[in-house]
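S.K.: One file: final-v5.cif (mmCIF, C-alpha atoms).
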data_final
#
loop_
_atom_site.label_atom_id
_atom_site.label_comp_id
_atom_site.auth_asym_id
_atom_site.auth_seq_id
_atom_site.Cartn_x
_atom_site.Cartn_y
_atom_site.Cartn_z
CA MET B 1 160.27 116.89 105.51
CA ARG B 2 158.76 116.02 102.15
CA THR B 3 156.21 113.69 103.82
CA LYS B 4 155.12 116.46 106.21
CA THR B 5 154.66 118.84 103.28
CA ILE B 6 152.52 116.31 101.38
CA LEU B 7 150.39 115.66 104.47
CA ALA B 8 149.93 119.37 105.04
CA LEU B 9 148.86 119.90 101.45
CA LEU B 10 146.47 116.94 101.68
CA CYS B 11 144.86 118.30 104.83
CA LEU B 12 144.56 121.73 103.20
CA SER B 13 142.89 120.26 100.10
CA LEU B 14 140.47 118.22 102.22
CA SER B 15 139.52 121.24 104.29
CA ALA B 16 138.79 123.12 101.06
CA LEU B 17 136.18 120.54 100.01
CA PRO B 18 132.61 121.75 100.50
CA ALA B 19 130.95 120.33 103.62
CA GLN B 20 128.13 117.88 102.89
CA ASP B 21 125.03 117.80 105.04
CA LEU B 22 123.74 114.29 105.73
CA VAL B 23 120.15 113.32 104.96
CA ARG B 24 119.14 109.74 105.78
CA LEU B 25 116.52 108.57 103.29
CA GLY B 26 114.08 105.68 103.70
CA ASN B 27 112.92 104.24 100.37
CA LEU B 28 111.03 101.28 98.87
CA LYS B 29 112.03 98.99 96.01
CA PHE B 30 109.44 99.83 93.37
CA ALA B 31 109.92 101.08 89.82
CA HIS B 32 108.22 104.42 90.43
CA TYR B 33 110.50 105.12 93.41
CA GLY B 34 113.48 105.31 91.04
CA ALA B 35 113.90 109.08 90.85
CA VAL B 36 113.93 109.28 94.65
CA SER B 37 116.64 106.61 94.72
CA TYR B 38 118.64 108.52 92.09
CA MET B 39 118.77 111.58 94.37
CA LYS B 40 121.81 110.17 96.16
CA GLU B 41 123.78 110.41 92.89
CA LEU B 42 122.96 114.13 92.50
CA ALA B 43 123.35 114.95 96.18
CA PRO B 44 126.96 116.28 96.09
CA LYS B 45 125.85 118.99 93.63
CA TYR B 46 123.64 120.34 96.42
CA LYS B 47 126.26 119.84 99.16
CA LEU B 48 124.34 116.87 100.48
CA LYS B 49 125.16 113.29 101.32
CA ILE B 50 122.07 111.12 101.01
CA GLU B 51 122.26 107.73 102.69
CA GLU B 52 119.52 105.47 101.32
CA ARG B 53 118.02 102.61 103.33
CA MET B 54 115.48 100.27 101.76
CA PHE B 55 112.39 99.10 103.67
CA ALA B 56 109.83 96.39 102.90
CA LYS B 57 106.76 98.64 103.38
CA GLY B 58 106.09 102.33 103.88
CA ILE B 59 104.67 101.80 107.37
CA ASP B 60 107.96 100.15 108.39
CA ILE B 61 109.73 103.51 108.01
CA SER B 62 107.76 105.26 110.77
CA PRO B 63 109.51 103.50 113.70
CA ALA B 64 112.88 104.43 112.18
CA ILE B 65 111.81 108.09 111.99
CA VAL B 66 110.64 108.02 115.62
CA ALA B 67 113.98 106.47 116.60
CA GLY B 68 115.82 109.34 114.89
CA GLU B 69 117.36 107.08 112.24
CA ILE B 70 115.62 108.56 109.15
CA ASP B 71 115.26 112.21 108.05
CA ALA B 72 113.21 111.75 104.86
CA SER B 73 111.25 109.00 103.17
CA ALA B 74 109.26 107.95 100.13
CA SER B 75 106.05 106.01 100.68
CA ALA B 76 102.37 105.74 99.91
CA LEU B 77 100.45 108.74 101.20
CA ASP B 78 98.26 106.56 103.40
CA ALA B 79 101.32 105.09 105.14
CA ALA B 80 102.50 108.64 105.85
CA ALA B 81 99.03 109.61 107.09
CA ALA B 82 98.89 106.62 109.43
CA GLY B 83 102.31 107.56 110.78
CA ARG B 84 101.28 111.18 111.34
CA ALA B 85 98.07 110.06 113.09
CA ALA B 86 100.22 107.93 115.42
CA GLY B 87 102.32 110.96 116.33
CA VAL B 88 105.25 110.51 113.96
CA PRO B 89 106.65 114.06 113.45
CA ILE B 90 106.60 114.27 109.63
CA TYR B 91 105.51 116.61 106.86
CA VAL B 92 104.57 115.68 103.30
CA VAL B 93 106.57 118.02 101.04
CA ALA B 94 105.97 116.66 97.51
CA GLY B 95 104.48 113.85 95.47
CA PHE B 96 106.77 111.71 93.32
CA ALA B 97 104.57 109.31 91.31
CA LYS B 98 100.93 108.69 90.45
CA GLY B 99 98.97 105.47 90.09
CA GLY B 100 101.18 102.42 90.49
CA ALA B 101 98.61 99.68 91.16
CA ARG B 102 96.49 97.07 89.39
CA ILE B 103 93.94 94.50 90.46
CA VAL B 104 95.21 91.30 88.86
CA VAL B 105 93.32 87.99 88.78
CA SER B 106 94.62 84.48 88.34
CA ALA B 107 94.87 83.38 84.71
CA GLY B 108 91.95 81.11 83.84
CA SER B 109 89.94 82.16 86.90
CA GLY B 110 87.03 83.44 84.83
CA ILE B 111 86.87 86.59 86.96
CA SER B 112 85.86 89.48 84.71
CA SER B 113 84.38 92.05 87.10
CA LEU B 114 84.68 93.21 90.69
CA ARG B 115 81.38 91.51 91.49
CA ASP B 116 82.99 88.22 90.46
CA LEU B 117 85.30 88.55 93.47
CA LYS B 118 82.43 87.52 95.75
CA GLY B 119 83.44 84.30 97.50
CA LYS B 120 87.08 84.76 96.46
CA LYS B 121 90.38 85.33 98.24
CA VAL B 122 92.12 88.60 97.35
CA GLY B 123 95.69 89.36 98.42
CA VAL B 124 97.07 92.80 99.27
CA ALA B 125 99.86 94.29 101.34
CA ARG B 126 98.67 95.98 104.52
CA GLY B 127 99.29 99.69 104.92
CA GLY B 128 100.05 100.61 101.31
CA ALA B 129 98.09 102.54 98.71
CA GLN B 130 96.97 99.18 97.30
CA GLU B 131 94.97 98.34 100.43
CA LEU B 132 93.01 101.59 100.34
CA LEU B 133 92.40 101.27 96.59
CA LEU B 134 91.15 97.70 96.96
CA LEU B 135 88.75 98.49 99.81
CA ALA B 136 87.40 101.56 98.01
CA GLU B 137 86.73 99.46 94.89
CA LEU B 138 85.05 96.65 96.87
CA ALA B 139 82.83 99.16 98.66
CA GLN B 140 81.92 100.81 95.36
CA ALA B 141 80.93 97.39 93.97
CA GLY B 142 78.73 96.74 97.02
CA LEU B 143 80.91 93.95 98.39
CA THR B 144 81.81 93.34 102.03
CA TRP B 145 85.21 92.11 103.15
CA SER B 146 87.23 90.87 106.10
CA ASP B 147 90.48 89.07 106.82
CA LYS B 148 88.35 86.35 108.43
CA PRO B 149 85.70 84.16 106.74
CA GLY B 150 82.09 85.35 106.73
CA LYS B 151 82.10 88.32 104.34
CA ASP B 152 81.81 88.52 100.55
CA VAL B 153 85.58 88.75 100.04
CA LEU B 154 88.32 87.19 102.15
CA VAL B 155 91.24 89.64 102.20
CA MET B 156 94.63 87.97 102.60
CA TYR B 157 97.32 90.32 103.90
CA LEU B 158 100.71 89.38 102.45
CA PRO B 159 104.03 91.17 101.86
CA PHE B 160 104.44 92.67 98.38
CA ALA B 161 107.14 90.13 97.57
CA ASP B 162 104.83 87.17 98.39
CA LEU B 163 101.72 88.26 96.48
CA ASN B 164 102.92 87.14 93.05
CA GLN B 165 103.94 83.74 94.37
CA ALA B 166 100.56 83.31 96.04
CA LEU B 167 98.74 84.18 92.81
CA MET B 168 100.97 81.89 90.75
CA ALA B 169 100.33 79.01 93.19
CA LYS B 170 96.58 79.85 93.13
CA ASN B 171 96.58 80.34 96.90
CA ILE B 172 94.68 83.56 96.17
CA ASP B 173 92.27 84.32 93.34
CA ALA B 174 93.30 87.94 92.82
CA MET B 175 95.58 90.62 94.19
CA CYS B 176 95.85 94.38 94.34
CA GLN B 177 99.54 94.78 93.66
CA SER B 178 102.11 97.51 93.13
CA GLU B 179 104.39 98.07 90.15
CA PRO B 180 106.47 96.52 88.68
CA TYR B 181 105.22 93.30 90.32
CA SER B 182 101.71 93.53 88.86
CA SER B 183 103.19 94.00 85.38
CA GLN B 184 105.48 91.01 85.95
CA ALA B 185 102.48 88.80 86.80
CA ILE B 186 100.75 89.84 83.58
CA ASN B 187 103.84 89.54 81.37
CA ARG B 188 104.61 86.09 82.78
CA LYS B 189 101.06 84.98 81.96
CA PHE B 190 99.98 83.79 85.41
CA GLY B 191 97.98 86.97 86.00
CA VAL B 192 95.42 88.96 84.01
CA GLU B 193 94.60 92.59 84.65
CA LEU B 194 91.08 93.08 85.96
CA MET B 195 91.37 96.84 86.27
CA LYS B 196 93.45 99.84 87.30
CA PRO B 197 91.62 100.85 90.48
CA TYR B 198 91.39 104.58 89.90
CA ASP B 199 87.63 105.18 89.50
CA THR B 200 86.81 105.89 93.18
CA PRO B 201 86.86 109.34 94.83
CA LEU B 202 90.58 108.77 95.51
CA GLY B 203 91.43 108.69 91.80
CA GLU B 204 95.07 107.90 91.09
CA PRO B 205 96.97 107.69 94.40
CA ILE B 206 99.93 110.04 94.72
CA ARG B 207 103.06 108.74 96.44
CA ALA B 208 104.46 111.08 99.08
CA LEU B 209 107.92 112.48 99.71
CA VAL B 210 108.16 113.07 103.44
CA ILE B 211 110.63 114.86 105.71
CA THR B 212 110.77 115.13 109.48
CA GLU B 213 109.48 118.21 111.26
CA LYS B 214 113.00 118.67 112.64
CA LEU B 215 114.51 118.81 109.15
CA TYR B 216 111.79 121.21 107.98
CA LYS B 217 112.01 123.56 110.97
CA GLU B 218 115.60 123.34 112.22
CA ARG B 219 117.61 122.60 109.06
CA ARG B 220 115.57 124.54 106.55
CA ASP B 221 118.46 125.26 104.18
CA VAL B 222 119.23 121.53 104.05
CA ALA B 223 115.56 120.75 103.48
CA GLN B 224 115.41 123.24 100.60
CA ARG B 225 118.50 121.76 98.96
CA PHE B 226 116.98 118.30 99.42
CA LEU B 227 113.87 119.43 97.49
CA LEU B 228 116.04 120.99 94.78
CA CYS B 229 117.81 117.65 94.43
CA PHE B 230 114.46 115.85 94.26
CA VAL B 231 113.06 118.13 91.56
CA GLU B 232 116.21 117.85 89.42
CA ALA B 233 116.31 114.05 89.77
CA THR B 234 112.64 113.79 88.84
CA LYS B 235 113.02 116.12 85.87
CA LYS B 236 115.90 114.00 84.56
CA PHE B 237 113.80 110.83 84.82
CA ILE B 238 110.88 112.51 83.04
CA ASP B 239 113.06 114.07 80.31
CA GLU B 240 115.35 111.06 79.79
CA PRO B 241 113.19 107.89 79.91
CA ALA B 242 115.98 105.65 78.59
CA PHE B 243 118.28 106.79 81.39
CA ALA B 244 115.50 106.28 83.94
CA GLU B 245 114.89 102.73 82.73
CA LYS B 246 118.59 101.87 82.81
CA TYR B 247 118.95 103.19 86.38
CA VAL B 248 115.88 101.43 87.75
CA ARG B 249 116.51 98.10 86.04
CA GLU B 250 120.25 97.95 86.67
CA ALA B 251 120.93 99.94 89.86
CA MET B 252 117.72 99.17 91.78
CA PHE B 253 116.61 95.77 90.46
CA LYS B 254 119.95 94.30 89.32
CA ASN B 255 118.33 93.27 86.00
CA GLN B 256 115.65 91.22 87.77
CA ILE B 257 112.91 92.94 85.74
CA THR B 258 112.67 93.10 81.96
CA SER B 259 112.33 96.15 79.77
CA ASP B 260 108.68 95.22 79.19
CA ASP B 261 108.10 94.97 82.95
CA TYR B 262 109.59 98.43 83.43
CA GLN B 263 107.76 100.06 80.54
CA ASP B 264 104.42 98.62 81.64
CA ALA B 265 105.07 99.63 85.23
CA ILE B 266 106.01 103.24 84.49
CA GLY B 267 103.16 103.51 82.01
CA ASN B 268 100.92 102.90 85.03
CA SER B 269 102.94 104.98 87.53
CA PRO B 270 104.48 108.06 85.88
CA PHE B 271 107.04 110.15 87.72
CA SER B 272 105.72 113.42 89.10
CA TYR B 273 106.48 116.28 91.50
CA ASP B 274 103.17 117.42 92.84
CA MET B 275 100.89 116.85 95.81
CA SER B 276 97.73 118.71 96.80
CA LEU B 277 95.98 119.37 100.10
CA GLU B 278 92.74 118.13 98.54
CA HIS B 279 94.19 114.75 97.55
CA ALA B 280 95.81 114.32 100.96
CA GLN B 281 92.52 115.08 102.72
CA ILE B 282 90.51 112.70 100.53
CA THR B 283 93.07 109.98 101.26
CA VAL B 284 92.78 110.51 105.02
CA ASP B 285 88.96 110.64 104.88
CA LEU B 286 88.75 107.34 102.97
CA MET B 287 91.27 105.71 105.32
CA ALA B 288 89.09 106.71 108.26
CA LYS B 289 85.97 105.46 106.48
CA TYR B 290 87.39 102.01 105.72
CA GLY B 291 89.52 101.59 108.85
CA VAL B 292 92.86 101.64 107.05
CA GLY B 293 95.71 102.55 109.38
CA LYS B 294 93.47 102.35 112.47
CA MET B 295 93.74 106.11 113.06
CA ALA B 296 92.29 107.33 116.37
CA ASN B 297 92.76 110.97 115.31
CA PRO B 298 92.89 111.36 111.50
CA PRO B 299 95.22 114.29 110.70
CA LYS B 300 94.01 117.37 108.82
CA ALA B 301 95.94 117.79 105.57
CA ALA B 302 96.61 121.50 106.20
CA ASP B 303 98.52 120.59 109.38
CA TRP B 304 101.04 118.22 107.82
CA VAL B 305 101.22 118.87 104.06
CA LYS B 306 103.78 121.64 103.48
CA LEU B 307 104.38 122.44 99.80
CA ASP B 308 106.37 125.69 100.07
CA LEU B 309 109.78 124.03 99.67
CA LEU B 310 108.58 122.26 96.52
CA ALA B 311 107.22 125.50 95.05
CA GLU B 312 110.53 127.27 95.68
CA ALA B 313 112.55 124.37 94.21
CA LYS B 314 110.41 124.32 91.06
CA LYS B 315 110.76 128.08 90.77
CA GLN B 316 114.56 127.96 91.09
CA LEU B 317 114.79 125.17 88.51
CA ASN B 318 112.19 126.79 86.24
CA ILE B 319 109.81 123.83 86.36
CA ASP B 320 106.20 124.50 85.28
CA GLN B 321 106.69 128.25 85.60
CA PRO B 322 104.48 130.56 83.50
CA LYS B 323 106.28 131.87 80.44
CA PRO B 324 106.23 135.58 79.56
CA ALA B 325 103.66 136.47 76.93
CA VAL B 326 105.06 136.64 73.40
CA PRO B 327 103.46 139.25 71.10
CA GLU B 328 101.66 137.83 68.07
CA LYS B 329 103.53 138.06 64.81
CA GLY B 330 103.15 141.52 63.28
CA LYS B 331 101.96 143.08 66.54
CA LYS B 332 104.03 145.19 68.86
CA ALA B 333 104.13 144.52 72.55
CA PRO B 334 102.04 147.05 74.48
CA LYS B 335 103.98 149.91 76.00
CA GLY B 336 103.90 150.39 79.73
CA LYS B 337 102.12 153.39 81.16
CA LYS B 338 104.21 156.37 82.18
CA GLY B 339 104.07 157.98 85.54
#
Take the structure I supplied and represent it as structure tokens, if you would.
M.R.:
Amino acid sequence: MRTKTILALLCLSLSALPAQDLVRLGNLKFAHYGAVSYMKELAPKYKLKIEERMFAKGIDISPAIVAGEIDASASALDAAAAGRAAGVPIYVVAGFAKGGARIVVSAGSGISSLRDLKGKKVGVARGGAQELLLLAELAQAGLTWSDKPGKDVLVMYLPFADLNQALMAKNIDAMCQSEPYSSQAINRKFGVELMKPYDTPLGEPIRALVITEKLYKERRDVAQRFLLCFVEATKKFIDEPAFAEKYVREAMFKNQITSDDYQDAIGNSPFSYDMSLEHAQITVDLMAKYGVGKMANPPKAADWVKLDLLAEAKKQLNIDQPKPAVPEKGKKAPKGKKG
């Protein structure tokens, strides 16, 4: 009898727990993706359960979205744009970091300008922000490129994880690499920063937080709580840099990067919330110009960048909201008109 009573009470207590809506999140293992990763820790506060799955590259997430395995993702904006152009049903709903790349040359190479890359091999990961940044910089310097011999620069497409090894072994002369790996190459003395590639029309690339059209249209309350969770996680990382470093270095990288690596990386890729239609459109236009993503029908930013959930989340959490005017000392606030 006592056992039945305990079981009944246990079932009653379990039924009283708030239901958690599942959101399956695709993420990448980079320092500036840390606040997105931290969302799963805050999720219960918003009656969510966030299941995180790590991918090697942003473009690898698109097939998982098409297969119905992923509801939201963090990636470079150009990877999201390429996915949308290929028919992947996604919306960009926020930006979560800016910058995040460097062009790094081999130590002792004597390369001191972009023009010095003529006749050299430059490594980059295909389909990430780094590829678009590299090509925009080469074009601006008047250099031609190809992944086959015959142009000014031979572009070697390698996974992010292999670029540092290739530079260290001098199999490539330079790389356009993401953080924290570019900072690691510099701190370990086998790489030297040539530049931060932000002086083209693209400026600093903004990383994109993406959700499926289904989540946006059919589970709108869940989508709004997901954005609330994102904004709170990001605010915590911005307001508490020591906590952010501890989480990224220990939880994400298992102490495989140093404090210097992290600090240098985040100094070049600060956490953020915002995205703009203008930046998204410039990104798509440059991708089409340089053939990044091989888009047959480049998407219009207004059709797939939806920032209303972000605006509402920031409003509810009082982020970047205008403050009421405070009367100057010694002056009275103006009285409202009657009638």
S.K.: Evaluate the PyMOL selection byres ((chain B and resi 239-249) around 8) and record the selected residues as a PDB file with C-alpha atoms, in the coordinates of the input, following the chain and residue labels used in the document.
M.R.:
ATOM      1  CA  ALA B  31     109.920 101.080  89.820  1.00  0.00           C
ATOM      2  CA  GLY B  34     113.480 105.310  91.040  1.00  0.00           C
ATOM      3  CA  ALA B  35     113.900 109.080  90.850  1.00  0.00           C
ATOM      4  CA  TYR B  38     118.640 108.520  92.090  1.00  0.00           C
ATOM      5  CA  LYS B 235     113.020 116.120  85.870  1.00  0.00           C
ATOM      6  CA  LYS B 236     115.900 114.000  84.560  1.00  0.00           C
ATOM      7  CA  PHE B 237     113.800 110.830  84.820  1.00  0.00           C
ATOM      8  CA  ILE B 238     110.880 112.510  83.040  1.00  0.00           C
ATOM      9  CA  GLU B 250     120.250  97.950  86.670  1.00  0.00           C
ATOM     10  CA  ALA B 251     120.930  99.940  89.860  1.00  0.00           C
ATOM     11  CA  MET B 252     117.720  99.170  91.780  1.00  0.00           C
ATOM     12  CA  PHE B 253     116.610  95.770  90.460  1.00  0.00           C
ATOM     13  CA  LYS B 254     119.950  94.300  89.320  1.00  0.00           C
ATOM     14  CA  ASN B 255     118.330  93.270  86.000  1.00  0.00           C
ATOM     15  CA  GLN B 256     115.650  91.220  87.770  1.00  0.00           C
ATOM     16  CA  ILE B 257     112.910  92.940  85.740  1.00  0.00           C
ATOM     17  CA  THR B 258     112.670  93.100  81.960  1.00  0.00           C
ATOM     18  CA  SER B 259     112.330  96.150  79.770  1.00  0.00           C
ATOM     19  CA  TYR B 262     109.590  98.430  83.430  1.00  0.00           C
ATOM     20  CA  GLN B 263     107.760 100.060  80.540  1.00  0.00           C
TER      21      GLN B 263
END
S.K.: What does the PyMOL selection byres ((chain B and resi 292) around 10) select in this file, as JSON, numbers by chain?
M.R.: {"B": [78, 79, 82, 126, 127, 128, 129, 131, 132, 135, 284, 286, 287, 288, 289, 290, 291, 293, 294, 295]}
S.K.: Go through B:Ala161, B:Ala296, B:Met168, B:Leu25 and flag the residue nearest Ala81 (chain B), using all atoms listed in the file for the distances.
M.R.: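 The answer is B:Ala296, which sits nearest to Ala81 (chain B).
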S.K.: Provide the CA of Gln130 (chain B) to CA of Arg102 (chain B) distance in Å, to one decimal place.
M.R.: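 According to the coordinates, CA of Gln130 (chain B) and CA of Arg102 (chain B) are separated by 8.2 Å.
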S.K.: Region 60-69 of chain B: which residues within 9 Å, counting all atoms listed in the file, same-chain residues fewer than 5 positions away excluded, as a PyMOL selection string?
M.R.: chain B and resi 24+26-27+55+75+79-80+83-84+87-90+212
S.K.: Excluding region 224-226 of chain B and residues on its chain fewer than 6 positions from it, collect all residues at most 9 Å away from it, counting all atoms listed in the file, and give them as a PyMOL selection string.
M.R.: chain B and resi 23+39+43+46-48+50+216+309-310+312-313
S.K.: From the options B:Gln20, B:Asn318, B:Ser73, B:Gln140, which residue's atoms come nearest to Val210 (chain B), counting all atoms listed in the file?
M.R.: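 Counting all atoms listed in the file, the residue closest to Val210 (chain B) is B:Ser73.
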S.K.: Taking all atoms listed in the file into account, which of B:Lys217, B:Arg115, B:Lys120, B:Lys98 comes nearest Leu202 (chain B)?
M.R.: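 The shortest atom-to-atom distance to Leu202 (chain B) comes from B:Lys98.
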S.K.: Any chance you could resolve the PyMOL selection byres ((chain B and resi 113) around 12) against this file and give the residues as a PyMOL selection string?
M.R.: chain B and resi 103-105+109-112+114-118+137-138+141+143+174+192-197
S.K.: Using all atoms listed in the file, which residue out of B:Cys229, B:Asn187, B:Glu278, B:Lys214 lies closest to Lys40 (chain B)?
M.R.: B:Cys229
S.K.: Name the closest residue to Ile70 (chain B) among the candidates B:Leu227, B:Ile186, B:Val222, B:Leu22; distances are taken between atoms, counting only C-alpha atoms.
M.R.: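 Nearest to Ile70 (chain B): B:Leu22.
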S.K.: Report, in Å with one decimal, the straight-line distance from CA of Thr283 (chain B) to CA of Ser178 (chain B).
M.R.: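 CA of Thr283 (chain B) sits 17.4 Å away from CA of Ser178 (chain B).
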S.K.: Compile the contact shell of Val36 (chain B) as a PDB file with C-alpha atoms, keeping the file's coordinate frame: residues with an atom at most 9 Å away, counting all atoms listed in the file, same-chain residues fewer than 5 positions apart removed.
M.R.:
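Result saved to selection_30.pdb:
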ATOM      1  CA  ASN B  27     112.920 104.240 100.370  1.00  0.00           C
ATOM      2  CA  SER B  73     111.250 109.000 103.170  1.00  0.00           C
ATOM      3  CA  ALA B  74     109.260 107.950 100.130  1.00  0.00           C
ATOM      4  CA  PHE B  96     106.770 111.710  93.320  1.00  0.00           C
ATOM      5  CA  LEU B 209     107.920 112.480  99.710  1.00  0.00           C
ATOM      6  CA  PHE B 230     114.460 115.850  94.260  1.00  0.00           C
ATOM      7  CA  ALA B 233     116.310 114.050  89.770  1.00  0.00           C
ATOM      8  CA  THR B 234     112.640 113.790  88.840  1.00  0.00           C
TER       9      THR B 234
END
S.K.: Rounded to one decimal place, report the CA of Val92 (chain B)-CA of Leu307 (chain B) distance in Å.
M.R.: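 Between these atoms lies a distance of 7.6 Å.
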S.K.: Smallest atom-to-atom distance to Pro205 (chain B): which of B:Gly108, B:Gly123, B:Pro44, B:Pro270, using all atoms listed in the file?
M.R.: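 Looking only at the distances to Pro205 (chain B), the closest residue turns out to be B:Pro270.
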S.K.: Name all residues at most 7 Å from Tyr273 (chain B) (count all atoms listed in the file; drop same-chain ones fewer than 4 positions away) and give them as a list in words.
M.R.: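 My list of contacting residues is Ala94, Gly95, Phe96 and Val231 of chain B.
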